[in-house]
Amino acid sequence: MSNEIEKIGALLEKLQSPDFYNREEAVNALGSCEVDEAVAGLVMALEDDDLGIRELAAEHLVKIKGDVASQLLIKFLGSEDIGSRNLASEILVKIGDGAVTALVNELENDDHDIRKFVVDILGLIKSENSAEAVSGKLNDSNINVVCSAAEALGEIGSEKSIDSLIDGYKKNEDIRLQVVEALGKIGGDKALNYLYEYLNSDDPMILFSVIDAIGITGNKKSVNHLVKFLDSDDTSIAEAAMSAIVNISIENKGTIEHDLPLDKFSSFLFDGIKNKNKKLTEFTLARLKHWYGQDVMNSLLEVLHFVDEEDLKSIVKMLGEIGPSASPAILKQFPNATSELKIIYLNIMKQYVDGDLASQLLRYNTDADPEVRRNIAFVLGASGDVSMIDHLKVMTQDKIGNVRSASYAALGWLCSENDLNFLFDGLDDRYPDVRDAAMGALVLLGSQQVVSRFFEDLSHDDTERQRLAATALGLIGDSSVVEPLLQALNHPESSIRKSAIDSLAKIREVDNVEPLMLSLNDETSGVRKSACTALVMIKGHTVIPEIKFLLDDADIWVRYHMINIIGVSEQAIYGELVKPFIDGNEDILKIAAIKALAKLGCKDFMKDISALQDDNNQDIVDAAKGAITELQEA
């Protein structure tokens with residue numbers, strides 16, 4: 001023991017070192033001891049000039065959680081240094097139940113400030129073991145201690161303290177608000193019965209607090225006691241009653257059997273949304289399904305930019321369901337709205353837009369914000385009104401690529417074969433997203449004339465037009481395009497060959513796969529990978545024996561791709577093809593093989609996979625462990 005005392009003495013001296021690292025080492029060493037002297041040293045370290053040392057000492061004291069630590073920390077509650085006082089309080093709260101005995105013993109301290117601090121800390125610890133002692137402080141000589149005791153009892157939440165609280169309510173007018181709040185937090189029938197009694201109070205502040213406390217309990221039966229206050233001439237009381245009922249409704253998932261005068265509280269509820277009150281927002285939006293009206297609609301439009309993304313989606317959907325009757329209010333606010341709101345408004349109207357509404361929105365197709373113009377294009381297209389075609393064609397000349405892209409996409413919903421030349425001109429735009437949108441519009445049209453034009457484009461002078469043609473033919477998916485796409489597999493440009501193969505994979509109905517088999521030897525690895533995928537899509541996993549030679553491909557990513565294809569086949573007979581890779585030198589292939597064997601259910605290789613759990617590469621270890629678990633559960 002004497003050796004340990006000497007060791008701690010040396011550590012205490014080290015705590016006085018000017019060197020930070022020496023003090024840090026001393027604190028860590030003291031934290032590994034649980035003798036009283038070591039704990040005292042850690043408490044001393046709470047006064048170190050360095051925040052890091054103080055926080056480190058605090059961490060160790062919380063872990064030790066001894067009564068000695070609590071007793072020593074309580075001494076700091078009388079410190080004039082607010083930082084030391086607050087740190088000691090935080091540590092005592094974290095120590096929790098282990099600090100209760102020492103704190104209770106300090107409730108009779110001569111210093112009323114310390115008694116108050118102790119009561120506050122006991123309230124934060126919330127241990128029922130302290131309820132009786134804290135209840136006793138409702139009779140303290142200092143009113144601040146008494147108020148803190150009432151508040152703490154609410155946090156502790158013990159029904160055993162209700163009688164003491166009621167006695168305090170009767171004897172001391174200065175703590176009535178705190179007692180009411182505490183009863184609300186404690187809840188239960190006994191507390192509620194007293195709160196119902198206090199609803200007869202003539203003091204508006206007490207009445208307000210009682211209503212709020214009843215709401216906090218979340219008891220559905222309490223609504224019967226609150227509804228009469230909804231008619232109060234005192235706005236604050238009426239709104240408190242509504243807020244309490246809202247809270248009860250939320251706690252009971254909306255199941256309260258009362259018709260509430262929502263129109264009377266419309267401003268209150270929508271102000272709650274603006275103030276980001278989650279409960280008022282949830283309640284109001286839930287009730288909107290059965291609560292329409294012009295005022296409600298206008299209020300909804302006013303709160304759109306106050307809600308989070310999820311609630312915004314709900315409101316947009318609701319206004320969309322209301323339909324055209326929402327348009328007058330939206331159009332009235334549209335000119336002076338921010339760009340953000342304009343886009344939201346357009347998303348609402350897009351759900352029910354017709355030709356008449358589209359005509360009213362045309363004036364905004366030159367809005368200063370390109371995002372607004374872009375969304376205008378989508379709305380015009382969604383209208384289904386072919387008279388919008390010429391307006392959209394003008395918008396395809398916009399200086400901003402995103403607007404041009406949206407305009408071409410919208411034309412796809414409206415155009416006919418008479419507009420082919422115009423749409424094909426869009427394939428020459430300088431931006432790829434615009435070209436893709438023009439291609440998409442032509443794919444939607446999908447007529448034989450479109451197929452013929454794209455077939456011609458496979459021989460276009462511009463390789464980008466060739467790529468778009470190959471892609472479009474695959475998206476159209478007509479069997480008549482299969483032969484042109486197969487011919488494109490001989491194209492000198494690898495990107496065209498790859499696009500043609502990807503398109504054939506989408507079509508799937510390909511009788512002659514010989515050109516695809518030849519593409520497995522293409523000079524470009526990306527083409528070989530696409531050919532591999534296409535053959536599996538067309539012929540199924542029975543083609544694996546014919547393409548297994550790609551496991552020896554010169555490109556690592558082709559080999560990786562082939563391993564993954566085998567893995568998803570769920571055909572255990574192909575496990576032998578993959579197994580050699582778990583013994584290979586390339587970690588990325590080793591991981592792919594491990595996962596593939598697990599998917600294939602190859603339990604015969606569990607021993608080989610298990611050996612990899614000792615690999616130096618953590619990713620391989622994780623893959624092996626995951627595979628073993630998967631195979632064991634199979």
# chains A, B, ... in the order shown; residues from 1 in each chain; ligands from 1
call {"tool": "residues_around", "arguments": {"residues": "Met395 of chain A", "least_positions_apart": "5", "cutoff": "12 Å", "atoms": "only C-alpha atoms", "output": "ChimeraX atom specification"}}
result
/A:362,364-367,370,373-378,380-381,388-390,400-411
call {"tool": "residues_around", "arguments": {"residues": "segment 224-239 of chain A", "least_positions_apart": "5", "cutoff": "10 Å", "atoms": "only C-alpha atoms", "output": "mmCIF file with N, CA and C atoms, in the first residue's frame"}}
result
data_model
loop_
_atom_site.group_PDB
_atom_site.id
_atom_site.type_symbol
_atom_site.label_atom_id
_atom_site.label_comp_id
_atom_site.auth_asym_id
_atom_site.auth_seq_id
_atom_site.Cartn_x
_atom_site.Cartn_y
_atom_site.Cartn_z
ATOM 1 N N TYR A 196 -57.008 19.221 -12.815
ATOM 2 C CA TYR A 196 -58.392 19.524 -13.209
ATOM 3 C C TYR A 196 -59.017 20.500 -12.200
ATOM 4 N N LEU A 199 -58.050 24.051 -12.725
ATOM 5 C CA LEU A 199 -58.618 24.728 -13.892
ATOM 6 C C LEU A 199 -59.647 25.777 -13.485
ATOM 7 N N PRO A 204 -55.036 34.113 -14.292
ATOM 8 C CA PRO A 204 -54.806 33.694 -15.691
ATOM 9 C C PRO A 204 -53.454 33.017 -15.899
ATOM 10 N N MET A 205 -52.453 33.421 -15.138
ATOM 11 C CA MET A 205 -51.141 32.791 -15.293
ATOM 12 C C MET A 205 -51.164 31.348 -14.805
ATOM 13 N N LEU A 207 -53.882 29.496 -14.634
ATOM 14 C CA LEU A 207 -54.751 28.771 -15.562
ATOM 15 C C LEU A 207 -53.985 28.383 -16.824
ATOM 16 N N PHE A 208 -53.214 29.319 -17.343
ATOM 17 C CA PHE A 208 -52.401 29.055 -18.541
ATOM 18 C C PHE A 208 -51.449 27.887 -18.275
ATOM 19 N N SER A 209 -50.781 27.920 -17.130
ATOM 20 C CA SER A 209 -49.809 26.872 -16.793
ATOM 21 C C SER A 209 -50.479 25.526 -16.574
ATOM 22 N N ILE A 211 -53.324 24.463 -17.970
ATOM 23 C CA ILE A 211 -53.711 23.936 -19.285
ATOM 24 C C ILE A 211 -52.501 23.339 -19.996
ATOM 25 N N ASP A 212 -51.387 24.059 -19.933
ATOM 26 C CA ASP A 212 -50.165 23.567 -20.568
ATOM 27 C C ASP A 212 -49.703 22.254 -19.927
ATOM 28 N N ILE A 214 -51.528 20.009 -18.373
ATOM 29 C CA ILE A 214 -52.449 18.928 -18.746
ATOM 30 C C ILE A 214 -52.097 18.419 -20.138
ATOM 31 N N GLY A 215 -51.751 19.336 -21.027
ATOM 32 C CA GLY A 215 -51.348 18.933 -22.379
ATOM 33 C C GLY A 215 -50.096 18.081 -22.369
ATOM 34 N N ALA A 244 -52.455 22.519 -26.055
ATOM 35 C CA ALA A 244 -52.500 21.337 -25.189
ATOM 36 C C ALA A 244 -53.214 20.184 -25.890
ATOM 37 N N ILE A 245 -54.313 20.489 -26.561
ATOM 38 C CA ILE A 245 -55.058 19.450 -27.282
ATOM 39 C C ILE A 245 -54.223 18.909 -28.438
ATOM 40 N N ILE A 256 -58.256 11.683 -31.261
ATOM 41 C CA ILE A 256 -59.081 12.360 -30.265
ATOM 42 C C ILE A 256 -60.459 12.548 -30.880
ATOM 43 N N GLU A 257 -61.481 12.219 -30.142
ATOM 44 C CA GLU A 257 -62.833 12.179 -30.700
ATOM 45 C C GLU A 257 -63.558 13.502 -30.455
ATOM 46 N N HIS A 258 -63.025 14.578 -31.035
ATOM 47 C CA HIS A 258 -63.637 15.891 -30.885
ATOM 48 C C HIS A 258 -63.521 16.660 -32.192
ATOM 49 N N ASP A 259 -64.578 17.383 -32.529
ATOM 50 C CA ASP A 259 -64.521 18.304 -33.660
ATOM 51 C C ASP A 259 -64.019 19.640 -33.129
ATOM 52 N N LEU A 260 -62.897 20.060 -33.620
ATOM 53 C CA LEU A 260 -62.267 21.278 -33.116
ATOM 54 C C LEU A 260 -62.543 22.455 -34.057
ATOM 55 N N PRO A 261 -62.719 23.652 -33.497
ATOM 56 C CA PRO A 261 -62.989 24.841 -34.329
ATOM 57 C C PRO A 261 -61.698 25.346 -34.998
ATOM 58 N N LYS A 264 -61.184 29.002 -36.320
ATOM 59 C CA LYS A 264 -60.924 30.027 -35.310
ATOM 60 C C LYS A 264 -59.431 30.122 -34.977
ATOM 61 N N PHE A 265 -58.736 28.971 -35.090
ATOM 62 C CA PHE A 265 -57.327 28.931 -34.703
ATOM 63 C C PHE A 265 -56.390 28.842 -35.921
ATOM 64 N N PHE A 268 -53.215 30.877 -35.555
ATOM 65 C CA PHE A 268 -52.364 30.289 -34.518
ATOM 66 C C PHE A 268 -51.636 29.058 -35.050
ATOM 67 N N LEU A 269 -52.375 28.196 -35.742
ATOM 68 C CA LEU A 269 -51.776 26.960 -36.248
ATOM 69 C C LEU A 269 -50.740 27.236 -37.328
#
call {"tool": "atom_distance", "arguments": {"atom1": "atom CA of Trp557 of chain A", "atom2": "atom CA of Arg528 of chain A"}}
result
10.3 Å
call {"tool": "residues_around", "arguments": {"residues": "segment 593-598 of chain A", "least_positions_apart": "5", "cutoff": "12 Å", "atoms": "only C-alpha atoms", "output": "ChimeraX atom specification"}}
result
/A:551,559-584,586-588,603-613,619-634
call {"tool": "residues_around", "arguments": {"residues": "segment 343-347 of chain A", "least_positions_apart": "3", "cutoff": "10 Å", "atoms": "only C-alpha atoms", "output": "JSON, numbers by chain"}}
result
{"A": [301, 304, 305, 312, 313, 316, 317, 319, 320, 327, 330, 331, 333, 334, 337, 338, 339, 340, 350, 351, 352, 353, 361, 371, 372, 373, 374, 375, 376, 378, 379]}
call {"tool": "select_by_dssp", "arguments": {"residues": "segment 307-357 of chain A", "states": "alpha helix (DSSP H)", "output": "PyMOL selection string"}}
result
chain A and resi 309-322+327-333+339-349+355-357
